[in-house]
>>> print(open('my_file-v9.txt').read())   # compact mmCIF, C-alpha atoms
# COMPACT_ATOMS: atom_id res chain seq x y z
CA MET A 665 -23.10 -5.31 35.96
CA LYS A 666 -24.12 -7.04 32.76
CA THR A 667 -21.18 -9.14 31.59
CA LEU A 668 -20.60 -10.99 28.34
CA ILE A 669 -17.77 -13.53 27.98
CA LEU A 670 -16.67 -14.25 24.42
CA ASN A 671 -14.68 -17.48 24.42
CA GLY A 672 -12.32 -17.55 21.43
CA SER A 673 -10.60 -20.78 22.40
CA ARG A 674 -10.11 -23.83 20.21
CA ALA A 675 -11.68 -27.20 20.95
CA ASN A 676 -10.27 -29.15 23.92
CA ASP A 677 -8.42 -26.14 25.35
CA LEU A 678 -8.30 -26.92 29.08
CA GLN A 679 -6.88 -23.49 29.89
CA ALA A 680 -10.04 -21.89 28.52
CA VAL A 681 -12.19 -24.16 30.68
CA LYS A 682 -10.24 -23.27 33.81
CA VAL A 683 -10.25 -19.52 33.23
CA THR A 684 -13.97 -19.57 32.41
CA ASN A 685 -14.69 -21.44 35.66
CA ALA A 686 -12.57 -18.92 37.57
CA LEU A 687 -14.46 -15.99 36.07
CA HIS A 688 -17.86 -17.49 36.85
CA LYS A 689 -16.91 -17.76 40.53
CA HIS A 690 -16.83 -13.96 40.58
CA LEU A 691 -19.45 -13.38 37.86
CA PRO A 692 -22.08 -16.11 38.30
CA ASP A 693 -24.60 -14.29 36.11
CA ALA A 694 -22.24 -13.63 33.21
CA GLU A 695 -23.28 -14.97 29.83
CA THR A 696 -20.63 -17.03 28.03
CA ILE A 697 -20.62 -17.55 24.26
CA ILE A 698 -18.28 -20.18 22.81
CA LEU A 699 -17.54 -18.54 19.49
CA ARG A 700 -16.43 -21.66 17.59
CA GLU A 701 -19.94 -23.07 18.15
CA GLN A 702 -21.71 -20.05 16.64
CA LYS A 703 -22.62 -19.38 13.05
CA ILE A 704 -20.42 -16.38 12.27
CA GLY A 705 -19.39 -15.68 8.69
CA ASN A 706 -16.27 -13.72 7.86
CA CYS A 707 -16.49 -9.94 7.54
CA ALA A 708 -16.86 -9.32 3.80
CA GLY A 709 -15.16 -5.94 3.88
CA ASP A 710 -18.02 -4.45 1.83
CA PHE A 711 -18.91 -1.73 4.38
CA PHE A 712 -22.62 -2.43 3.84
CA CYS A 713 -23.02 -2.16 7.64
CA TRP A 714 -22.23 1.54 7.13
CA VAL A 715 -23.87 2.48 3.84
CA ARG A 716 -26.57 -0.09 3.02
CA ASN A 717 -27.96 -1.32 6.35
CA PRO A 718 -26.49 1.21 8.83
CA GLY A 719 -25.36 -0.33 12.09
CA MET A 720 -26.05 -3.94 11.11
CA CYS A 721 -23.88 -6.43 9.25
CA ASN A 722 -25.26 -7.34 5.84
CA THR A 723 -24.86 -11.03 6.78
CA ASN A 724 -27.73 -12.12 9.00
CA ASP A 725 -26.09 -14.66 11.28
CA ASP A 726 -25.02 -14.87 14.91
CA ASN A 727 -22.64 -11.94 14.48
CA ARG A 728 -25.60 -9.55 14.69
CA ILE A 729 -26.85 -11.16 17.91
CA ILE A 730 -23.40 -10.91 19.49
CA ALA A 731 -22.86 -7.32 18.30
CA GLU A 732 -26.15 -6.39 19.98
CA LYS A 733 -25.17 -8.16 23.21
CA ILE A 734 -21.84 -6.30 23.22
CA ILE A 735 -23.50 -2.88 23.01
CA GLN A 736 -25.96 -3.81 25.75
CA SER A 737 -23.23 -5.05 28.12
CA ASP A 738 -21.29 -3.18 30.78
CA LEU A 739 -18.28 -5.49 30.53
CA VAL A 740 -17.10 -7.70 27.68
CA ILE A 741 -14.44 -10.33 28.39
CA TYR A 742 -12.39 -11.72 25.51
CA LEU A 743 -10.76 -15.13 26.01
CA THR A 744 -8.10 -16.27 23.56
CA PRO A 745 -4.88 -18.19 23.19
CA VAL A 746 -2.17 -15.69 22.20
CA THR A 747 -1.69 -16.33 18.49
CA PHE A 748 1.49 -14.79 17.03
CA GLY A 749 0.98 -11.98 19.52
CA GLY A 750 -2.64 -11.52 18.49
CA TYR A 751 -6.04 -13.15 18.89
CA SER A 752 -7.14 -16.57 17.72
CA SER A 753 -9.02 -16.64 14.43
CA GLU A 754 -12.13 -17.72 16.39
CA LEU A 755 -12.10 -14.53 18.47
CA LYS A 756 -10.94 -12.31 15.63
CA ARG A 757 -13.92 -13.32 13.51
CA ILE A 758 -16.34 -11.55 15.86
CA VAL A 759 -13.93 -8.68 16.54
CA ASP A 760 -13.90 -7.97 12.78
CA HIS A 761 -17.69 -7.60 12.87
CA GLN A 762 -17.53 -4.84 15.48
CA ILE A 763 -17.19 -2.16 12.82
CA GLN A 764 -21.00 -2.22 12.62
CA ASN A 765 -20.99 -0.68 16.10
CA ILE A 766 -19.04 2.42 15.02
CA LEU A 767 -19.59 5.00 12.29
CA PRO A 768 -17.76 5.34 8.96
CA PHE A 769 -16.98 9.00 9.69
CA PHE A 770 -13.65 10.01 11.16
CA ALA A 771 -12.71 11.68 14.43
CA ASN A 772 -9.49 12.90 15.99
CA VAL A 773 -8.64 10.82 19.06
CA ASN A 774 -5.46 11.81 20.90
CA GLY A 775 -3.98 13.20 17.70
CA GLU A 776 -4.87 10.15 15.59
CA ILE A 777 -7.65 9.58 13.09
CA HIS A 778 -10.18 6.95 14.18
CA HIS A 779 -13.82 6.26 13.40
CA GLN A 780 -16.59 8.06 15.27
CA LYS A 781 -18.85 6.52 17.89
CA ARG A 782 -22.21 5.13 16.84
CA TYR A 783 -23.44 4.71 20.42
CA ASN A 784 -23.03 6.80 23.55
CA HIS A 785 -22.26 3.75 25.67
CA TYR A 786 -19.60 1.13 25.03
CA PRO A 787 -18.63 -1.66 27.42
CA ASN A 788 -15.40 -1.88 29.33
CA VAL A 789 -13.18 -4.71 28.11
CA LEU A 790 -11.13 -7.36 29.89
CA THR A 791 -8.97 -9.33 27.47
CA ILE A 792 -7.43 -12.54 28.81
CA GLY A 793 -4.83 -14.40 26.79
CA TRP A 794 -2.69 -17.44 27.52
CA MET A 795 0.59 -18.87 26.26
CA ASP A 796 2.24 -22.23 26.86
CA GLU A 797 5.62 -20.68 27.60
CA PRO A 798 7.15 -17.21 28.00
CA ASN A 799 7.53 -15.13 24.86
CA MET A 800 8.29 -11.51 25.62
CA GLN A 801 7.87 -10.39 22.00
CA ALA A 802 4.46 -12.02 21.60
CA GLU A 803 3.35 -10.75 25.02
CA ALA A 804 4.28 -7.15 24.17
CA ILE A 805 2.47 -7.32 20.81
CA PHE A 806 -0.61 -8.80 22.48
CA ARG A 807 -0.79 -6.10 25.13
CA HIS A 808 -0.34 -3.42 22.47
CA LEU A 809 -3.14 -4.91 20.34
CA VAL A 810 -5.50 -4.90 23.33
CA HIS A 811 -4.69 -1.23 23.90
CA ARG A 812 -5.28 -0.31 20.24
CA ASN A 813 -8.59 -2.17 20.15
CA ALA A 814 -9.76 -0.30 23.23
CA ILE A 815 -9.17 3.00 21.44
CA ASN A 816 -11.04 1.99 18.31
CA MET A 817 -13.93 0.40 20.22
CA TYR A 818 -14.22 3.26 22.74
CA ALA A 819 -13.74 1.18 25.89
CA LYS A 820 -13.28 3.58 28.81
CA ILE A 821 -11.55 0.89 30.86
CA SER A 822 -9.41 -1.81 29.26
CA VAL A 823 -7.51 -4.43 31.23
CA CYS A 824 -5.22 -7.06 29.75
CA GLY A 825 -4.66 -10.31 31.64
CA LEU A 826 -2.02 -12.79 30.54
CA MET A 827 -1.36 -16.35 31.71
CA ILE A 828 1.87 -18.24 31.07
CA GLY A 829 1.90 -22.05 31.24
CA GLN A 830 -0.56 -24.22 33.12
CA GLN A 831 -1.99 -22.72 36.30
CA SER A 832 -4.23 -24.09 39.01
CA GLU A 833 -7.84 -22.99 39.24
CA ALA A 834 -7.04 -21.44 42.61
CA ASP A 835 -4.37 -19.24 41.04
CA LEU A 836 -6.66 -18.37 38.13
CA THR A 837 -9.47 -17.48 40.52
CA SER A 838 -7.13 -15.09 42.33
CA GLN A 839 -5.89 -13.56 39.07
CA ALA A 840 -9.45 -13.16 37.77
CA GLU A 841 -10.35 -11.32 40.97
CA SER A 842 -7.45 -8.88 40.50
CA TRP A 843 -8.36 -8.21 36.85
CA LEU A 844 -12.02 -7.61 37.71
CA GLN A 845 -11.00 -5.38 40.60
CA ALA A 846 -8.94 -3.29 38.20
CA ILE A 847 -12.01 -2.89 35.99
CA ALA A 848 -14.16 -1.93 38.98
CA SER A 849 -11.56 0.59 40.16
CA GLY A 850 -11.23 2.15 36.71
CA LEU A 851 -7.58 1.16 36.37
CA ASN A 852 -6.53 0.72 32.75
CA SER A 853 -3.64 -1.60 32.04
CA PRO A 854 -0.40 0.31 31.33
CA VAL A 855 -0.02 1.47 27.74
CA PRO A 856 2.74 -0.71 26.28
CA ALA A 857 5.12 0.31 23.56
CA LEU A 858 5.15 -1.88 20.49
CA PRO A 859 8.44 -3.80 20.55
CA SER A 860 11.09 -3.16 17.93
CA ILE A 861 10.68 -5.53 15.01
CA ASN A 862 14.05 -6.52 13.62
CA THR A 863 14.64 -8.39 10.40
CA THR A 864 16.29 -11.80 10.60
CA SER A 865 20.06 -11.79 10.26
CA SER A 866 20.99 -14.32 7.60
CA GLU A 867 23.21 -14.60 4.58
CA ALA A 868 21.44 -12.98 1.63
CA ALA A 869 20.83 -15.28 -1.30
CA PRO A 870 19.03 -14.40 -4.55
CA ILE A 871 15.37 -15.34 -4.80
CA ARG A 872 14.42 -17.87 -7.46
CA ARG A 873 10.78 -18.48 -6.63
CA ALA A 874 8.28 -16.23 -4.82
CA VAL A 875 4.70 -16.76 -3.63
CA LEU A 876 2.23 -13.94 -2.97
CA LEU A 877 -0.53 -14.67 -0.46
CA VAL A 878 -3.42 -12.23 -0.93
CA GLY A 879 -5.47 -11.86 2.24
CA SER A 880 -8.42 -9.76 1.10
CA PRO A 881 -12.06 -10.82 0.60
CA ARG A 882 -12.07 -8.71 -2.56
CA THR A 883 -9.49 -11.09 -4.05
CA LYS A 884 -8.65 -9.93 -7.60
CA LYS A 885 -10.20 -6.48 -7.10
CA SER A 886 -8.36 -5.69 -3.89
CA THR A 887 -5.81 -3.06 -2.95
CA SER A 888 -3.79 -5.90 -1.45
CA LEU A 889 -3.44 -7.51 -4.88
CA SER A 890 -2.75 -4.13 -6.50
CA LEU A 891 0.23 -3.56 -4.19
CA GLY A 892 1.51 -7.12 -3.98
CA GLY A 893 0.82 -7.77 -7.65
CA TYR A 894 2.87 -4.76 -8.77
CA LEU A 895 5.79 -5.80 -6.56
CA PHE A 896 5.62 -9.33 -7.96
CA GLU A 897 5.61 -7.97 -11.51
CA GLN A 898 8.95 -6.37 -10.66
CA LEU A 899 10.25 -9.67 -9.28
CA LYS A 900 9.10 -11.49 -12.40
CA ALA A 901 10.88 -8.90 -14.58
CA ARG A 902 14.04 -9.89 -12.74
CA GLY A 903 13.66 -13.52 -13.80
CA ILE A 904 12.01 -14.78 -10.61
CA GLU A 905 9.26 -17.39 -10.89
CA THR A 906 6.12 -16.07 -9.17
CA GLU A 907 2.80 -17.46 -8.03
CA THR A 908 -0.23 -15.79 -6.45
CA VAL A 909 -2.56 -17.56 -4.00
CA GLN A 910 -5.86 -16.12 -2.76
CA ILE A 911 -6.37 -16.98 0.91
CA TYR A 912 -10.12 -16.39 0.94
CA THR A 913 -10.77 -18.88 -1.87
CA SER A 914 -8.37 -21.42 -0.38
CA ILE A 915 -8.97 -21.47 3.36
CA ASN A 916 -12.03 -23.77 3.29
CA SER A 917 -10.72 -26.14 0.61
CA PRO A 918 -8.39 -28.96 1.73
CA GLU A 919 -7.14 -29.35 -1.85
CA ARG A 920 -6.32 -25.65 -2.25
CA MET A 921 -4.71 -25.48 1.18
CA LYS A 922 -2.53 -28.44 0.25
CA ALA A 923 -1.52 -26.61 -2.93
CA MET A 924 -0.75 -23.51 -0.83
CA TYR A 925 1.50 -25.52 1.50
CA GLU A 926 3.35 -26.98 -1.48
CA ALA A 927 3.79 -23.55 -3.06
CA ILE A 928 5.17 -22.17 0.22
CA ASP A 929 7.49 -25.12 0.83
CA ASN A 930 8.97 -24.74 -2.65
CA ALA A 931 9.43 -20.96 -2.44
CA ASP A 932 12.41 -18.84 -1.47
CA LEU A 933 10.18 -15.88 -0.60
CA VAL A 934 6.62 -15.73 0.73
CA MET A 935 4.91 -12.33 0.82
CA LEU A 936 1.58 -11.67 2.51
CA ALA A 937 -0.54 -8.70 1.36
CA PHE A 938 -3.66 -7.87 3.38
CA PRO A 939 -6.01 -5.06 4.51
CA LEU A 940 -6.08 -3.95 8.14
CA TYR A 941 -9.10 -5.22 10.07
CA VAL A 942 -9.55 -3.70 13.55
CA ASP A 943 -5.81 -3.21 14.20
CA SER A 944 -4.89 -6.70 13.03
CA LEU A 945 -5.21 -9.18 10.18
CA PRO A 946 -8.62 -10.38 8.92
CA ALA A 947 -9.82 -13.55 10.68
CA PRO A 948 -9.45 -15.83 7.61
CA VAL A 949 -5.85 -14.65 7.18
CA ILE A 950 -5.11 -15.49 10.81
CA ALA A 951 -6.74 -18.89 10.27
CA ALA A 952 -4.49 -19.47 7.26
CA LEU A 953 -1.40 -18.47 9.23
CA GLU A 954 -2.44 -20.83 12.04
CA LYS A 955 -2.64 -23.67 9.53
CA ILE A 956 0.66 -22.75 7.88
CA ALA A 957 2.42 -22.59 11.25
CA THR A 958 1.07 -26.03 12.16
CA HIS A 959 2.13 -27.40 8.78
CA ARG A 960 5.63 -26.00 9.25
CA LYS A 961 6.03 -26.92 12.92
CA ASP A 962 9.69 -27.52 13.81
CA LYS A 963 10.78 -26.77 10.24
CA GLN A 964 13.68 -24.38 9.76
CA SER A 965 14.48 -23.45 6.20
CA HIS A 966 15.85 -20.90 3.77
CA ILE A 967 12.37 -19.48 3.12
CA ARG A 968 12.01 -15.76 3.72
CA PHE A 969 8.84 -13.90 4.65
CA ALA A 970 7.64 -10.30 4.21
CA ALA A 971 4.31 -8.48 4.40
CA ILE A 972 2.37 -5.50 3.01
CA SER A 973 -0.56 -4.02 4.93
CA ASN A 974 -2.94 -1.25 3.90
CA CYS A 975 -5.58 0.53 5.95
CA GLY A 976 -8.43 2.98 5.48
CA PHE A 977 -6.96 5.51 7.90
CA PRO A 978 -4.69 8.18 6.40
CA GLY A 979 -1.84 7.27 8.76
CA ALA A 980 0.17 4.19 7.82
CA GLU A 981 1.20 3.75 11.46
CA HIS A 982 -2.17 2.11 12.15
CA ASN A 983 -0.72 -0.98 10.43
CA ASN A 984 2.16 -1.35 12.88
CA THR A 985 0.52 -3.81 15.28
CA ALA A 986 -0.66 -6.09 12.48
CA LEU A 987 2.80 -6.12 10.91
CA ALA A 988 4.34 -6.96 14.29
CA ILE A 989 2.00 -9.97 14.37
CA CYS A 990 3.29 -10.93 10.91
CA SER A 991 6.88 -10.81 12.15
CA GLU A 992 6.03 -13.04 15.12
CA PHE A 993 4.28 -15.50 12.79
CA SER A 994 7.38 -15.53 10.60
CA HIS A 995 9.50 -16.50 13.60
CA GLU A 996 7.10 -19.17 14.85
CA ALA A 997 6.71 -20.70 11.37
CA GLY A 998 10.46 -20.96 10.85
CA PHE A 999 10.79 -18.25 8.21
CA ALA A 1000 13.41 -15.50 7.97
CA TRP A 1001 11.71 -12.10 8.41
CA LEU A 1002 12.61 -9.60 5.68
CA GLY A 1003 10.41 -6.76 6.90
CA SER A 1004 7.24 -5.02 5.82
CA LEU A 1005 5.55 -2.15 4.03
CA ALA A 1006 2.54 -0.15 5.21
CA LEU A 1007 0.14 2.10 3.32
CA GLY A 1008 -2.39 4.51 4.78
CA ALA A 1009 -5.56 5.59 2.91
CA GLY A 1010 -5.34 2.52 0.69
CA GLU A 1011 -9.09 2.51 0.15
CA GLY A 1012 -9.08 6.11 -1.03
CA ILE A 1013 -5.90 6.02 -3.12
CA VAL A 1014 -5.88 2.60 -4.77
CA HIS A 1015 -9.32 1.02 -4.21
CA GLY A 1016 -8.29 -2.17 -5.98
CA THR A 1017 -7.08 -0.48 -9.17
CA PRO A 1018 -3.86 -1.84 -10.72
CA LEU A 1019 -1.13 0.69 -9.98
CA ASN A 1020 -0.21 1.07 -13.65
CA GLU A 1021 -3.77 2.30 -14.31
CA LEU A 1022 -3.63 5.01 -11.65
CA ASP A 1023 -2.62 8.65 -12.06
CA GLY A 1024 0.29 10.45 -10.43
CA ARG A 1025 -0.83 9.39 -6.95
CA ALA A 1026 0.66 5.99 -7.67
CA ILE A 1027 4.15 7.30 -8.45
CA PRO A 1028 5.52 7.16 -4.87
CA LEU A 1029 3.81 3.81 -4.36
CA LYS A 1030 5.51 2.32 -7.40
CA GLN A 1031 8.83 3.87 -6.43
CA SER A 1032 8.57 2.25 -3.01
CA LEU A 1033 7.67 -1.15 -4.42
CA ASN A 1034 10.46 -0.94 -7.00
CA ILE A 1035 13.00 -0.36 -4.22
CA ALA A 1036 11.53 -3.21 -2.17
CA ALA A 1037 11.54 -5.57 -5.17
CA GLU A 1038 15.22 -4.87 -5.87
CA ALA A 1039 16.17 -5.76 -2.29
CA LEU A 1040 13.88 -8.79 -2.00
CA ALA A 1041 15.09 -10.21 -5.31
CA ASN A 1042 18.54 -10.39 -3.75
CA GLY A 1043 17.23 -11.93 -0.54
CA GLN A 1044 17.76 -8.70 1.41
CA PRO A 1045 15.38 -6.98 3.87
CA ILE A 1046 13.03 -4.26 2.65
CA PRO A 1047 14.95 -0.95 2.91
CA GLN A 1048 13.75 1.81 5.19
CA SER A 1049 13.61 4.16 2.19
CA ALA A 1050 10.93 1.95 0.61
CA ARG A 1051 8.96 1.90 3.85
CA ASN A 1052 9.14 5.69 4.18
CA LEU A 1053 7.94 6.27 0.62
CA LEU A 1054 4.88 4.03 0.93
CA ALA A 1055 3.97 5.35 4.39
CA LYS A 1056 4.19 9.03 3.43
CA PRO A 1057 0.73 10.64 3.78
CA VAL A 1058 -0.83 11.67 0.48
CA ILE A 1059 -3.20 14.32 1.86
CA PRO A 1060 -3.59 16.09 5.25
CA ASN A 1061 -5.79 14.47 7.89
CA TRP A 1062 -8.35 17.29 7.77
CA MET A 1063 -8.83 16.89 4.04
CA TYR A 1064 -9.08 13.11 4.29
CA THR A 1065 -11.68 13.48 7.05
CA PHE A 1066 -13.74 15.91 4.97
CA MET A 1067 -13.55 13.84 1.79
CA GLY A 1068 -14.34 10.69 3.74
CA LYS A 1069 -17.53 12.19 5.16
CA PHE A 1070 -18.68 13.23 1.71
CA GLY A 1071 -17.82 9.85 0.22
CA TRP A 1072 -19.64 7.78 2.85
CA GLU A 1073 -22.72 10.00 2.63
CA GLN A 1074 -22.82 9.63 -1.15
CA GLN A 1075 -22.62 5.85 -0.90
CA ALA A 1076 -25.41 5.84 1.71
CA LYS A 1077 -27.47 8.08 -0.56
CA GLN A 1078 -27.20 5.51 -3.36
CA TYR A 1079 -28.87 2.96 -1.08
CA GLY A 1080 -31.45 5.45 0.18
CA VAL A 1081 -30.19 5.42 3.78
CA LYS A 1082 -28.35 8.74 4.06
CA LYS A 1083 -30.83 10.06 6.63
CA ILE A 1084 -30.35 7.03 8.87
CA ILE A 1085 -26.62 6.47 8.39
CA LYS A 1086 -26.11 7.12 12.14
CA ARG A 1087 -28.86 4.69 13.13
CA GLN A 1088 -28.42 2.80 16.42
CA PRO A 1089 -30.20 -0.51 15.79
CA TYR A 1090 -28.92 -2.24 18.93
CA LEU A 1091 -30.00 0.49 21.32
CA VAL A 1092 -32.97 -0.57 23.46
CA ASN A 1093 -35.33 1.90 25.07
CA GLN A 1094 -37.28 1.45 28.28
CA GLU A 1095 -40.06 -0.45 26.50
CA ASN A 1096 -37.39 -2.93 25.29
CA LYS A 1097 -37.87 -1.94 21.67
CA HIS A 1098 -35.12 -1.22 19.18
CA VAL A 1099 -34.76 2.42 18.20
>>> encode(input="my_file-v9.txt", output="structure tokens")
Amino acid sequence: MKTLILNGSRANDLQAVKVTNALHKHLPDAETIILREQKIGNCAGDFFCWVRNPGMCNTNDDNRIIAEKIIQSDLVIYLTPVTFGGYSSELKRIVDHQIQNILPFFANVNGEIHHQKRYNHYPNVLTIGWMDEPNMQAEAIFRHLVHRNAINMYAKISVCGLMIGQQSEADLTSQAESWLQAIASGLNSPVPALPSINTTSSEAAPIRRAVLLVGSPRTKKSTSLSLGGYLFEQLKARGIETETVQIYTSINSPERMKAMYEAIDNADLVMLAFPLYVDSLPAPVIAALEKIATHRKDKQSHIRFAAISNCGFPGAEHNNTALAICSEFSHEAGFAWLGSLALGAGEGIVHGTPLNELDGRAIPLKQSLNIAAEALANGQPIPQSARNLLAKPVIPNWMYTFMGKFGWEQQAKQYGVKKIIKRQPYLVNQENKHV
């Protein structure tokens, strides 16, 4: 069995060292890649791996090498500290790049719309996470994320292992054996329900200052800014001071991160708007949340937090896991959680266009955001009516699937790759040549 271990731990994480040693006792030939030591750029969200260079990321760095190793493995093992119920930013960076290993076209999987396979074979996945202390909410979100990833990445067998607190290497060796035995026996981990995400109970107080964090690589031309920007226009019209911060242009600048911290610390409301990346938040957004949580460690305040997520699937429910991660971040960072909004088919409906420039398709979107703005301005949670309006499907799944196929083929045609859009660059034949 060809096994690849992707270590998404941070530097000096002794738990990662111990679990890696335990795994190698059972899998001495497994290859381990420490992701923080690799050159892996952030997924640009340009979809060039689908329509310009089919099956390969447009960025030629270590992400391509790892994507190839994944496809050629029988078992991939993810190692990560549980981060707000999700993966570390180090692990998520390579997970984001796995869209090159699937197709842009849509398929119906268990009644849901997902992307089609690019390859006939995909590895089984063992995901191992660890937490310093028990957190039932974070654990449930983590297990649910692992399950969702297995669907989208076509893993036949997916096992989730979780460690709480410090454990001896003997205990870890025994646990590793049980997880690997489950893989060998074809026993998937139980499918967990996503836990209920409740807003924080607190006395409502009017908002005076609000900060919008935009978590899209497309920055000013993103659907995230279109949605969050419109909502913030409504807050501003109500006399609230607003500020917008782009995460992607701030995350690698100490000066801009310092300015972000100051903006957050001086705000009454912080709202995060982001696109869905492989069932979760984009890696740079997770990295920003990790930094914000560290900055705000042990701080409790009046600051409230909310989020808007949009995805390329027609069903808004695909955003649920990512928004649960946002709620857990809110709790861990000492914010009061005021809820979330989710949009399906954001790429097809909005595509980065300001809502006031769109046709009638934007009417329910603006109605939803108007309702949300009214509540948030008064320090109240986002109403369910606003959530229902934004999440309501615009077109049937069959029509979205048909239009999506046509759209992706047209984009591939523009780059002269329509005939090879289903190319399998990481498939190796018997002569060890790429086909």
>>> residues_around(input="my_file-v9.txt", residues="Glu1073 of chain A", least_positions_apart="3", cutoff="8 Å", atoms="all atoms listed in the file", output="list in words")
Val715, Lys1069, Phe1070, Ala1076, Lys1077, Lys1082 and Ile1085 of chain A
>>> residues_near_point(input="my_file-v9.txt", point="(-3.5, -10.8, 2.0)", cutoff="8 Å", atoms="all atoms listed in the file", output="PyMOL selection string")
chain A and resi 877-880+888-889+910-911+936-939+949+972-973
>>> closest_residue(input="my_file-v9.txt", among="A:Ala802, A:Val746, A:Val909, A:Leu1091", to="Met720 of chain A", atoms="only C-alpha atoms")
A:Leu1091
>>> closest_atom_pairs(input="my_file-v9.txt", of="segment 802-861 of chain A", to="segment 723-744 of chain A", cutoff="10 Å", atoms="only C-alpha atoms", output="tab-separated table")
residue	atom	partner	partner_atom	distance
A:Val810	CA	A:Tyr742	CA	9.9
A:Ala819	CA	A:Leu739	CA	9.3
A:Ile821	CA	A:Leu739	CA	9.3
A:Ser822	CA	A:Leu739	CA	9.7
A:Val823	CA	A:Ile741	CA	9.5
A:Cys824	CA	A:Tyr742	CA	9.5
A:Gly825	CA	A:Leu743	CA	9.6
A:Leu826	CA	A:Thr744	CA	9.9
A:Leu844	CA	A:Leu739	CA	9.8
A:Ile847	CA	A:Leu739	CA	8.7
>>> write_last_selection(input="my_file-v9.txt", atoms="C-alpha atoms", output="PDB file, keeping the file's coordinate frame")
ATOM      1  CA  VAL A 810      -5.500  -4.900  23.330  1.00  0.00           C
ATOM      2  CA  ALA A 819     -13.740   1.180  25.890  1.00  0.00           C
ATOM      3  CA  ILE A 821     -11.550   0.890  30.860  1.00  0.00           C
ATOM      4  CA  SER A 822      -9.410  -1.810  29.260  1.00  0.00           C
ATOM      5  CA  VAL A 823      -7.510  -4.430  31.230  1.00  0.00           C
ATOM      6  CA  CYS A 824      -5.220  -7.060  29.750  1.00  0.00           C
ATOM      7  CA  GLY A 825      -4.660 -10.310  31.640  1.00  0.00           C
ATOM      8  CA  LEU A 826      -2.020 -12.790  30.540  1.00  0.00           C
ATOM      9  CA  LEU A 844     -12.020  -7.610  37.710  1.00  0.00           C
ATOM     10  CA  ILE A 847     -12.010  -2.890  35.990  1.00  0.00           C
TER      11      ILE A 847
END
>>> closest_residue(input="my_file-v9.txt", among="A:Thr863, A:Pro856, A:Pro978, A:Ala927", to="Gln1048 of chain A", atoms="only C-alpha atoms")
A:Thr863
>>> residues_around(input="my_file-v9.txt", residues="His688 of chain A", least_positions_apart="5", cutoff="10 Å", atoms="only C-alpha atoms", output="ChimeraX atom specification")
/A:669,683,693-696,837,840
>>> closest_residue(input="my_file-v9.txt", among="A:Ser1004, A:Asn765, A:Ser832, A:Asn788", to="Leu668 of chain A", atoms="only C-alpha atoms")
A:Asn788
>>> residues_near_point(input="my_file-v9.txt", point="(-5.4, 14.2, 11.4)", cutoff="6 Å", atoms="all atoms listed in the file", output="ChimeraX atom specification")
/A:776-777,1061-1062
>>> write_last_selection(input="my_file-v9.txt", atoms="C-alpha atoms", output="PDB file, keeping the file's coordinate frame")
ATOM      1  CA  GLU A 776      -4.870  10.150  15.590  1.00  0.00           C
ATOM      2  CA  ILE A 777      -7.650   9.580  13.090  1.00  0.00           C
ATOM      3  CA  ASN A1061      -5.790  14.470   7.890  1.00  0.00           C
ATOM      4  CA  TRP A1062      -8.350  17.290   7.770  1.00  0.00           C
TER       5      TRP A1062
END
>>> atom_distance(input="my_file-v9.txt", atom1="atom CA of Asn774 of chain A", atom2="atom CA of Asn813 of chain A")
14.3 Å
>>> residues_around(input="my_file-v9.txt", residues="Leu895 of chain A", least_positions_apart="5", cutoff="7 Å", atoms="only C-alpha atoms", output="list in words")
Leu1033, Asn1034 and Ala1037 of chain A
>>> residues_around(input="my_file-v9.txt", residues="Ala869 of chain A", least_positions_apart="3", cutoff="10 Å", atoms="only C-alpha atoms", output="PyMOL selection string")
chain A and resi 866+872+932+966+1040-1044
>>> write_last_selection(input="my_file-v9.txt", atoms="C-alpha atoms", output="compact mmCIF listing (two decimals), in the coordinates of the input")
# COMPACT_ATOMS: atom_id res chain seq x y z
CA SER A 866 20.99 -14.32 7.60
CA ARG A 872 14.42 -17.87 -7.46
CA ASP A 932 12.41 -18.84 -1.47
CA HIS A 966 15.85 -20.90 3.77
CA LEU A 1040 13.88 -8.79 -2.00
CA ALA A 1041 15.09 -10.21 -5.31
CA ASN A 1042 18.54 -10.39 -3.75
CA GLY A 1043 17.23 -11.93 -0.54
CA GLN A 1044 17.76 -8.70 1.41
>>> atom_distance(input="my_file-v9.txt", atom1="atom CA of Val1081 of chain A", atom2="atom CA of Cys721 of chain A")
14.5 Å
>>> residues_around(input="my_file-v9.txt", residues="Pro881 of chain A", least_positions_apart="4", cutoff="8 Å", atoms="only C-alpha atoms", output="number ranges by chain")
A: 708-709, 886, 912
>>> atom_distance(input="my_file-v9.txt", atom1="atom CA of His982 of chain A", atom2="atom CA of Leu945 of chain A")
11.9 Å
